[in-house]
>>> print(open('structure-v5.cif').read())   # mmCIF, C-alpha atoms
data_protein
loop_
_atom_site.label_atom_id
_atom_site.label_comp_id
_atom_site.auth_asym_id
_atom_site.auth_seq_id
_atom_site.Cartn_x
_atom_site.Cartn_y
_atom_site.Cartn_z
CA MET A 1 -13.44 -30.53 5.23
CA ASN A 2 -10.38 -30.76 7.42
CA LYS A 3 -8.28 -29.36 4.60
CA TYR A 4 -10.29 -26.14 4.57
CA VAL A 5 -10.00 -25.69 8.33
CA LYS A 6 -6.24 -26.05 7.97
CA GLN A 7 -6.25 -23.44 5.18
CA LEU A 8 -8.17 -21.04 7.42
CA TYR A 9 -5.74 -21.61 10.28
CA GLU A 10 -2.78 -21.00 8.02
CA GLY A 11 -4.26 -17.82 6.58
CA ILE A 12 -5.08 -16.32 9.95
CA ILE A 13 -2.18 -17.49 12.14
CA THR A 14 0.82 -19.34 10.72
CA ASN A 15 0.88 -17.68 7.32
CA ASN A 16 -0.85 -14.41 8.17
CA PRO A 17 -0.34 -12.04 5.23
CA VAL A 18 0.51 -8.99 7.32
CA LEU A 19 2.15 -10.38 10.44
CA VAL A 20 4.12 -13.25 8.84
CA GLN A 21 4.37 -12.64 5.10
CA LEU A 22 4.77 -8.90 5.70
CA ILE A 23 2.79 -7.77 2.66
CA GLY A 24 -0.10 -5.34 2.26
CA MET A 25 1.45 -2.75 4.54
CA CYS A 26 -0.03 0.45 3.08
CA PRO A 27 -3.71 -0.16 3.87
CA THR A 28 -2.72 -1.84 7.14
CA LEU A 29 -0.99 1.25 8.42
CA ALA A 30 -3.25 3.84 6.87
CA THR A 31 -6.67 2.51 7.83
CA SER A 32 -5.94 1.20 11.31
CA THR A 33 -6.69 4.44 13.12
CA SER A 34 -9.92 3.02 14.54
CA ILE A 35 -11.40 -0.48 14.77
CA GLU A 36 -14.34 0.54 12.59
CA ASN A 37 -12.07 1.67 9.75
CA GLY A 38 -9.83 -1.37 10.11
CA LEU A 39 -12.74 -3.78 10.08
CA GLY A 40 -14.33 -2.06 7.09
CA MET A 41 -11.09 -2.13 5.13
CA GLY A 42 -10.40 -5.75 6.07
CA LEU A 43 -13.84 -6.98 5.03
CA ALA A 44 -13.82 -4.98 1.78
CA ALA A 45 -10.45 -6.47 0.89
CA THR A 46 -11.68 -9.95 1.87
CA ALA A 47 -14.65 -9.62 -0.49
CA VAL A 48 -12.44 -8.48 -3.37
CA LEU A 49 -9.86 -11.17 -2.63
CA THR A 50 -12.42 -13.98 -2.57
CA CYS A 51 -14.14 -12.86 -5.78
CA SER A 52 -10.88 -12.27 -7.64
CA ASN A 53 -9.44 -15.61 -6.49
CA VAL A 54 -12.48 -17.47 -7.80
CA MET A 55 -12.42 -15.57 -11.09
CA VAL A 56 -8.68 -16.04 -11.63
CA SER A 57 -9.01 -19.71 -10.79
CA LEU A 58 -11.86 -20.18 -13.29
CA LEU A 59 -9.92 -18.39 -16.02
CA ARG A 60 -6.52 -19.89 -15.20
CA LYS A 61 -6.42 -22.12 -18.28
CA ILE A 62 -7.56 -19.36 -20.66
CA ILE A 63 -5.27 -16.50 -19.58
CA PRO A 64 -2.00 -16.56 -21.57
CA GLN A 65 1.12 -16.82 -19.41
CA LYS A 66 2.74 -13.63 -20.70
CA ILE A 67 -0.03 -11.19 -19.94
CA ARG A 68 -1.29 -12.85 -16.79
CA ILE A 69 -0.37 -10.04 -14.38
CA ALA A 70 -2.19 -7.45 -16.50
CA SER A 71 -5.21 -9.75 -16.71
CA TYR A 72 -5.26 -10.26 -12.94
CA VAL A 73 -5.05 -6.51 -12.39
CA VAL A 74 -8.04 -5.94 -14.68
CA ILE A 75 -10.09 -8.63 -12.89
CA ILE A 76 -9.19 -7.17 -9.49
CA SER A 77 -9.91 -3.59 -10.49
CA GLY A 78 -13.32 -4.64 -11.80
CA PHE A 79 -14.27 -6.07 -8.42
CA VAL A 80 -12.79 -3.10 -6.58
CA THR A 81 -14.90 -0.69 -8.63
CA ALA A 82 -18.00 -2.73 -7.77
CA ILE A 83 -17.16 -2.75 -4.05
CA GLU A 84 -16.42 0.98 -4.13
CA MET A 85 -19.82 1.74 -5.62
CA LEU A 86 -21.58 -0.56 -3.14
CA MET A 87 -19.82 1.05 -0.19
CA LYS A 88 -20.59 4.55 -1.41
CA ALA A 89 -24.26 3.60 -1.72
CA PHE A 90 -24.77 1.64 1.49
CA LEU A 91 -21.99 2.75 3.85
CA PRO A 92 -21.31 6.38 2.85
CA ASP A 93 -19.68 7.32 6.19
CA LEU A 94 -17.22 4.45 6.11
CA ALA A 95 -16.50 5.06 2.43
CA ALA A 96 -15.74 8.70 3.18
CA SER A 97 -13.37 7.89 6.04
CA LEU A 98 -11.48 5.23 4.05
CA GLY A 99 -11.42 7.59 1.06
CA LEU A 100 -8.56 7.02 -1.33
CA PHE A 101 -7.79 3.62 0.14
CA ILE A 102 -10.83 1.91 -1.36
CA PRO A 103 -9.71 2.34 -4.99
CA LEU A 104 -6.23 1.50 -3.76
CA ILE A 105 -7.36 -2.04 -2.84
CA VAL A 106 -6.48 -2.70 -6.50
CA VAL A 107 -2.80 -2.40 -5.70
CA ASN A 108 -2.97 -4.29 -2.41
CA CYS A 109 -0.08 -6.74 -2.77
CA ILE A 110 -1.97 -9.47 -0.90
CA ILE A 111 -4.61 -9.78 -3.60
CA LEU A 112 -2.18 -9.96 -6.50
CA ALA A 113 0.10 -12.26 -4.53
CA ARG A 114 -2.71 -14.75 -3.86
CA ALA A 115 -3.86 -14.62 -7.48
CA GLU A 116 -0.35 -15.35 -8.69
CA ALA A 117 0.75 -17.81 -6.00
CA TYR A 118 -2.47 -19.70 -5.32
CA ALA A 119 -5.52 -19.08 -7.49
CA SER A 120 -3.64 -19.53 -10.77
CA LYS A 121 -2.70 -23.08 -9.73
CA ASN A 122 -5.76 -24.34 -7.87
CA GLY A 123 -9.48 -24.99 -8.41
CA PRO A 124 -12.21 -22.44 -7.71
CA LEU A 125 -13.39 -23.93 -4.40
CA GLU A 126 -9.92 -24.09 -2.84
CA SER A 127 -9.20 -20.61 -4.16
CA ALA A 128 -12.38 -19.24 -2.60
CA VAL A 129 -11.40 -20.72 0.77
CA ASP A 130 -7.90 -19.36 0.36
CA GLY A 131 -9.34 -15.92 -0.37
CA ILE A 132 -11.52 -16.02 2.74
CA ALA A 133 -8.65 -17.32 4.89
CA MET A 134 -6.14 -14.72 3.73
CA GLY A 135 -8.74 -11.97 3.87
CA LEU A 136 -9.65 -12.87 7.44
CA GLY A 137 -5.96 -12.98 8.32
CA PHE A 138 -5.61 -9.47 6.93
CA THR A 139 -8.72 -8.33 8.84
CA PHE A 140 -7.40 -9.97 12.02
CA ALA A 141 -4.10 -8.11 11.79
CA LEU A 142 -5.88 -4.84 11.01
CA VAL A 143 -8.25 -5.16 13.95
CA ILE A 144 -5.45 -5.96 16.43
CA LEU A 145 -3.41 -3.01 15.23
CA ALA A 146 -6.45 -0.73 15.16
CA ALA A 147 -7.47 -1.80 18.67
CA VAL A 148 -4.05 -0.91 20.07
CA ARG A 149 -3.97 2.42 18.28
CA GLU A 150 -7.54 3.38 19.11
CA LEU A 151 -7.17 2.42 22.76
CA LEU A 152 -3.97 4.38 23.31
CA GLY A 153 -4.63 7.23 20.92
CA ASN A 154 -8.28 7.90 21.63
CA GLY A 155 -9.08 5.98 24.81
CA THR A 156 -11.93 4.10 23.13
CA LEU A 157 -12.63 0.64 21.72
CA TYR A 158 -14.97 0.57 18.72
CA GLY A 159 -16.11 4.06 19.70
CA ILE A 160 -16.88 3.13 23.32
CA PRO A 161 -14.85 4.99 25.98
CA VAL A 162 -12.85 2.55 28.08
CA PHE A 163 -10.96 4.69 30.55
CA GLY A 164 -12.26 7.31 32.93
CA LYS A 165 -12.29 11.01 32.24
CA SER A 166 -8.81 11.51 33.67
CA PHE A 167 -7.24 9.53 30.79
CA GLN A 168 -5.09 11.64 28.51
CA PRO A 169 -5.09 10.06 25.04
CA ALA A 170 -1.70 9.80 23.36
CA THR A 171 -2.74 11.33 20.06
CA ILE A 172 0.56 10.31 18.52
CA MET A 173 -0.69 6.72 18.29
CA ILE A 174 -3.34 7.73 15.73
CA MET A 175 -0.76 9.61 13.71
CA PRO A 176 1.51 7.88 11.17
CA THR A 177 4.33 7.57 13.70
CA GLY A 178 2.17 5.55 16.03
CA GLY A 179 1.16 3.25 13.18
CA PHE A 180 4.74 2.23 12.43
CA LEU A 181 5.54 1.92 16.13
CA ALA A 182 2.53 -0.23 17.03
CA LEU A 183 2.99 -2.49 14.00
CA GLY A 184 6.66 -2.98 14.85
CA PHE A 185 5.80 -4.12 18.36
CA ILE A 186 2.93 -6.34 17.24
CA ILE A 187 5.06 -8.13 14.63
CA ALA A 188 7.82 -8.60 17.18
CA ALA A 189 5.35 -10.09 19.66
CA PHE A 190 3.80 -12.30 16.99
CA GLN A 191 7.18 -13.63 15.89
CA LYS A 192 8.05 -14.41 19.48
CA ILE A 193 4.79 -16.30 20.07
CA VAL A 194 4.81 -18.20 16.76
CA LYS A 195 8.45 -19.20 17.18
CA LYS A 196 7.79 -20.45 20.69
CA GLY A 197 5.02 -22.67 19.39
CA GLU A 198 7.32 -24.39 16.93
CA MET B 1 -0.14 28.63 -12.30
CA THR B 2 2.13 31.14 -10.66
CA LEU B 3 5.61 30.27 -9.51
CA THR B 4 4.59 30.56 -5.87
CA GLU B 5 1.76 28.08 -6.34
CA ILE B 6 4.10 25.64 -8.04
CA PHE B 7 6.63 26.00 -5.24
CA ALA B 8 3.99 25.53 -2.56
CA LEU B 9 2.59 22.48 -4.35
CA SER B 10 5.91 20.73 -4.71
CA LEU B 11 7.11 21.59 -1.21
CA GLY B 12 3.82 20.23 0.09
CA ALA B 13 4.21 16.96 -1.78
CA ILE B 14 7.85 16.48 -0.78
CA LEU B 15 7.86 17.42 2.89
CA ILE B 16 4.51 18.28 4.44
CA GLU B 17 2.45 15.52 2.86
CA ASN B 18 5.30 13.08 2.31
CA TYR B 19 3.89 9.96 0.67
CA ILE B 20 5.62 7.50 2.96
CA PHE B 21 5.57 9.15 6.35
CA VAL B 22 2.33 11.11 6.24
CA LYS B 23 0.09 9.57 3.61
CA PHE B 24 1.17 5.92 3.96
CA LEU B 25 1.41 5.30 0.23
CA GLY B 26 4.07 3.04 -1.24
CA ILE B 27 5.04 1.34 2.01
CA CYS B 28 5.56 -2.09 0.42
CA SER B 29 8.41 -0.98 -1.83
CA PHE B 30 9.64 1.38 0.87
CA LEU B 31 10.18 -1.52 3.25
CA GLY B 32 11.16 -4.03 0.57
CA VAL B 33 13.90 -2.19 -1.33
CA SER B 34 15.48 -0.18 1.45
CA LYS B 35 18.17 -2.62 2.58
CA LYS B 36 20.89 -1.02 0.47
CA MET B 37 21.47 2.61 -0.33
CA ASP B 38 22.09 2.30 -4.09
CA THR B 39 19.12 0.04 -4.82
CA ALA B 40 16.96 2.39 -2.76
CA PHE B 41 18.12 5.31 -4.85
CA GLY B 42 17.51 3.40 -8.09
CA MET B 43 14.04 2.46 -6.96
CA GLY B 44 13.37 6.07 -6.03
CA MET B 45 14.43 7.29 -9.46
CA ALA B 46 12.27 4.66 -11.18
CA VAL B 47 9.31 5.81 -9.07
CA VAL B 48 9.97 9.49 -9.90
CA PHE B 49 10.02 8.71 -13.61
CA VAL B 50 6.97 6.45 -13.65
CA MET B 51 5.01 8.76 -11.37
CA THR B 52 5.68 11.88 -13.46
CA VAL B 53 4.75 10.20 -16.74
CA ALA B 54 1.78 8.43 -15.15
CA SER B 55 0.45 11.73 -13.77
CA ALA B 56 0.62 13.29 -17.23
CA VAL B 57 -0.90 10.32 -19.07
CA THR B 58 -3.70 9.70 -16.57
CA TYR B 59 -4.62 13.38 -16.66
CA VAL B 60 -5.00 13.20 -20.44
CA VAL B 61 -6.90 9.90 -20.25
CA ASN B 62 -9.26 11.31 -17.65
CA LYS B 63 -9.87 14.62 -19.38
CA PHE B 64 -10.20 13.46 -22.98
CA VAL B 65 -11.54 9.92 -22.65
CA LEU B 66 -13.29 9.26 -19.35
CA VAL B 67 -15.02 12.60 -18.79
CA PRO B 68 -16.38 13.14 -22.36
CA LEU B 69 -17.67 9.55 -22.49
CA ASN B 70 -19.13 9.95 -19.03
CA ILE B 71 -17.52 6.78 -17.71
CA GLY B 72 -15.84 8.22 -14.64
CA TYR B 73 -16.48 4.99 -12.78
CA MET B 74 -13.95 3.24 -15.02
CA GLN B 75 -11.21 5.48 -13.56
CA THR B 76 -9.50 2.85 -11.43
CA VAL B 77 -9.49 0.27 -14.22
CA ALA B 78 -8.21 2.70 -16.84
CA PHE B 79 -5.51 4.17 -14.60
CA ILE B 80 -4.11 0.85 -13.47
CA LEU B 81 -3.83 -0.29 -17.09
CA VAL B 82 -1.96 2.89 -18.04
CA ILE B 83 0.41 2.41 -15.13
CA ALA B 84 0.97 -1.30 -15.87
CA SER B 85 1.95 -0.58 -19.47
CA LEU B 86 4.21 2.31 -18.43
CA VAL B 87 6.06 0.07 -16.00
CA GLN B 88 6.56 -2.51 -18.70
CA PHE B 89 8.03 0.22 -20.89
CA VAL B 90 10.40 1.45 -18.18
CA GLU B 91 11.51 -2.12 -17.58
CA MET B 92 12.43 -2.60 -21.25
CA LEU B 93 14.18 0.77 -21.30
CA LEU B 94 16.29 -0.05 -18.25
CA MET B 95 17.15 -3.52 -19.56
CA LYS B 96 18.59 -1.99 -22.74
CA MET B 97 20.20 1.14 -21.33
CA MET B 98 21.20 0.42 -17.73
CA PRO B 99 21.54 -3.36 -17.29
CA ALA B 100 23.37 -2.94 -13.96
CA LEU B 101 20.49 -1.03 -12.43
CA TYR B 102 18.05 -3.50 -13.99
CA GLN B 103 19.85 -6.37 -12.26
CA ALA B 104 19.90 -4.52 -8.96
CA LEU B 105 16.20 -3.68 -8.96
CA GLY B 106 15.35 -7.26 -9.88
CA ILE B 107 11.81 -8.26 -9.05
CA PHE B 108 10.94 -4.89 -7.58
CA LEU B 109 10.54 -3.19 -10.92
CA PRO B 110 7.36 -5.07 -11.93
CA LEU B 111 6.19 -4.37 -8.40
CA ILE B 112 6.02 -0.64 -9.18
CA THR B 113 2.75 -1.55 -10.87
CA THR B 114 1.36 -2.49 -7.50
CA ASN B 115 3.02 0.45 -5.78
CA CYS B 116 0.05 2.30 -4.40
CA ALA B 117 1.96 5.60 -4.51
CA ILE B 118 1.68 5.72 -8.31
CA LEU B 119 -2.04 5.01 -8.50
CA GLY B 120 -2.54 7.19 -5.44
CA ALA B 121 -0.87 10.16 -7.13
CA ALA B 122 -2.94 9.66 -10.28
CA LEU B 123 -6.19 9.53 -8.29
CA LEU B 124 -5.23 12.45 -6.03
CA ASN B 125 -4.54 14.63 -9.07
CA ILE B 126 -8.16 14.16 -10.07
CA THR B 127 -9.55 14.62 -6.54
CA ASN B 128 -7.54 17.81 -6.03
CA GLU B 129 -8.67 19.11 -9.43
CA LEU B 130 -5.16 20.01 -10.53
CA ASN B 131 -4.57 21.14 -14.11
CA PHE B 132 -2.09 19.44 -16.46
CA ILE B 133 1.02 21.30 -15.28
CA GLY B 134 -0.07 20.96 -11.68
CA SER B 135 -0.54 17.20 -12.08
CA VAL B 136 2.91 16.71 -13.58
CA ILE B 137 4.57 18.81 -10.90
CA TYR B 138 2.65 17.04 -8.17
CA GLY B 139 3.59 13.61 -9.54
CA PHE B 140 7.24 14.59 -9.86
CA SER B 141 7.41 16.12 -6.37
CA ALA B 142 5.66 13.17 -4.76
CA GLY B 143 8.24 10.91 -6.41
CA ILE B 144 11.05 13.07 -5.06
CA GLY B 145 9.46 12.86 -1.62
CA PHE B 146 9.35 9.08 -1.95
CA THR B 147 13.04 9.00 -2.96
CA LEU B 148 13.99 11.25 -0.07
CA ALA B 149 12.20 8.98 2.39
CA ILE B 150 13.55 5.71 1.00
CA VAL B 151 17.16 6.95 0.78
CA LEU B 152 17.05 8.33 4.33
CA PHE B 153 15.58 5.07 5.57
CA ALA B 154 18.08 2.91 3.67
CA SER B 155 21.01 4.84 5.11
CA VAL B 156 19.73 4.19 8.62
CA ARG B 157 18.90 0.58 7.88
CA GLN B 158 22.40 -0.19 6.59
CA ARG B 159 23.77 0.67 10.01
CA LEU B 160 20.96 -1.16 11.73
CA ILE B 161 22.30 -4.56 10.65
CA LEU B 162 25.35 -4.11 12.86
CA SER B 163 23.44 -2.89 15.88
CA ASP B 164 22.43 -5.03 18.81
CA CYS B 165 18.72 -5.45 19.49
CA PRO B 166 16.36 -7.92 21.19
CA LYS B 167 15.95 -11.17 19.24
CA ALA B 168 12.23 -10.76 18.59
CA PHE B 169 12.81 -7.33 17.05
CA GLU B 170 15.53 -8.41 14.63
CA GLY B 171 14.91 -7.59 10.98
CA PHE B 172 11.51 -6.27 10.16
CA PRO B 173 10.12 -5.00 13.50
CA ILE B 174 13.13 -2.85 14.30
CA ALA B 175 12.96 -1.41 10.79
CA LEU B 176 9.35 -0.40 11.44
CA ILE B 177 10.33 1.29 14.68
CA THR B 178 13.07 3.17 12.83
CA ALA B 179 10.49 4.25 10.28
CA SER B 180 8.31 5.42 13.15
CA LEU B 181 11.10 7.67 14.44
CA LEU B 182 11.66 9.07 10.95
CA ALA B 183 7.93 9.71 10.61
CA MET B 184 8.06 11.58 13.88
CA SER B 185 10.73 13.89 12.52
CA PHE B 186 8.63 14.47 9.41
CA MET B 187 5.78 15.59 11.67
CA GLY B 188 7.90 18.68 12.27
CA PHE B 189 7.19 19.83 8.72
CA GLN B 190 3.47 20.09 9.46
CA GLY B 191 4.15 23.59 10.75
CA LEU B 192 5.02 24.75 7.22
CA LYS B 193 1.37 24.35 6.23
CA ILE B 194 0.24 27.89 7.02
CA TRP B 195 2.26 29.06 4.10
#
>>> encode(input="structure-v5.cif", output="structure tokens")
Amino acid sequence: MNKYVKQLYEGIITNNPVLVQLIGMCPTLATSTSIENGLGMGLAATAVLTCSNVMVSLLRKIIPQKIRIASYVVIISGFVTAIEMLMKAFLPDLAASLGLFIPLIVVNCIILARAEAYASKNGPLESAVDGIAMGLGFTFALVILAAVRELLGNGTLYGIPVFGKSFQPATIMIMPTGGFLALGFIIAAFQKIVKKGE
Amino acid sequence: MTLTEIFALSLGAILIENYIFVKFLGICSFLGVSKKMDTAFGMGMAVVFVMTVASAVTYVVNKFVLVPLNIGYMQTVAFILVIASLVQFVEMLLMKMMPALYQALGIFLPLITTNCAILGAALLNITNELNFIGSVIYGFSAGIGFTLAIVLFASVRQRLILSDCPKAFEGFPIALITASLLAMSFMGFQGLKIW
């Protein structure tokens, strides 16, 4: 049991895919305009990552070495299509606001990286935990970034107004510029904190 | 398509809706391969080529295979397979014809497969209901926009190594802040939209 807790800790903090490994930047920046979008994206990616990790792990002895990347991509895109349909049916508003970025989960580097680096070498159970851990790490980073951007750019947190009426939102934080800026500061802060802990 | 429409489409894809700074597509390779000017340019050219061909091929696949068979939901799967095989082809081509560039691009070439800009362009062509010529021009222009962004960024980043900055910001964070400033300058192009 302890092993799995350690895996979760690594995925979320010490080996966080976005803040430490620095991968999966496109959806991180694009969907972190509000906490709702960030959370939706993070959880959708977590679901795909967990399913694809388990599947890749189960098939790891059958898939030939040479065409493994293509096989992983097909497995991942199958799950992404399923998630896309589910979101369109049950969460149409969220699906509309994430738009293009739901099919683009297919090319999220985190998912392919975990399939290649972890699931293709480990059993299904460990791979499932790894998928959940990395997915939550991704969600964690997205929510932090989205919270900063939503608070400064819109004056709200998860849609709830935080400041009084006199607050002038800095719209630039919701725009692409603000995304790069906020992520730069968050990674800098994270590196400082993690290095201090060592 | 008239010449004006073509011009407006490509100007839109290069400047107003720049893939990196406005649409946030292809950030992984943008941040990964932008440490040196010449590799950045090579990566940009590879993206232009793959994106143009991918736009053309995915248009044909969508129009003559997916739509007639009524399996539009297989779009993502079909497109990513087309792109993956194209990248493999470009890799073999470069290995034979330009080994120096092949060495320089290294592991980033297979990564074009997972470059969301390529799949994004293919999917946007369908969403925007562009015709064949429109799709090819859009793919090509978006690739040029990507190259413009990555070359600009690489030229700044080369100088960044020598500059003095707080320890926590060294490397990646300061690069992101640079990208933020570049994105801000690209916001200026938004005004061109009326036209």
>>> residues_around(input="structure-v5.cif", residues="stretch 162-171 of chain B", least_positions_apart="6", cutoff="9 Å", atoms="only C-alpha atoms", output="VMD selection string")
chain A and resid 184 to 185 187 to 192
>>> resolve_selection(input="structure-v5.cif", expression="the PyMOL selection byres ((chain A) within 10 of (chain B))", output="VMD selection string")
chain A and resid 22 to 31 69 to 71 73 to 82 84 to 85 100 to 101 103 to 109 112 172 175 to 193 195
>>> resolve_selection(input="structure-v5.cif", expression="the PyMOL selection byres ((chain B and resi 34) around 12)", output="PyMOL selection string")
chain B and resi 27-33+35-44+105+108+146-160+172+175-176+179
>>> atom_distance(input="structure-v5.cif", atom1="atom CA of A:Ala117", atom2="atom CA of A:Pro17")
12.7 Å
>>> atom_distance(input="structure-v5.cif", atom1="atom CA of B:Gly143", atom2="atom CA of B:Met97")
21.5 Å
>>> residues_around(input="structure-v5.cif", residues="B:Ile16", least_positions_apart="5", cutoff="9 Å", atoms="all atoms listed in the file", output="PyMOL selection string")
chain B and resi 11+22+186-193
>>> resolve_selection(input="structure-v5.cif", expression="the PyMOL selection byres ((chain B and resi 134-136) around 7)", output="list of chain:residue names")
B:Thr52, B:Ser55, B:Ala56, B:Asn125, B:Leu130, B:Asn131, B:Phe132, B:Ile133, B:Ile137, B:Tyr138, B:Gly139, B:Phe140
>>> residues_around(input="structure-v5.cif", residues="A:Glu10", least_positions_apart="5", cutoff="9 Å", atoms="only C-alpha atoms", output="number ranges by chain")
A: 5, 15-16, 133-134, 137
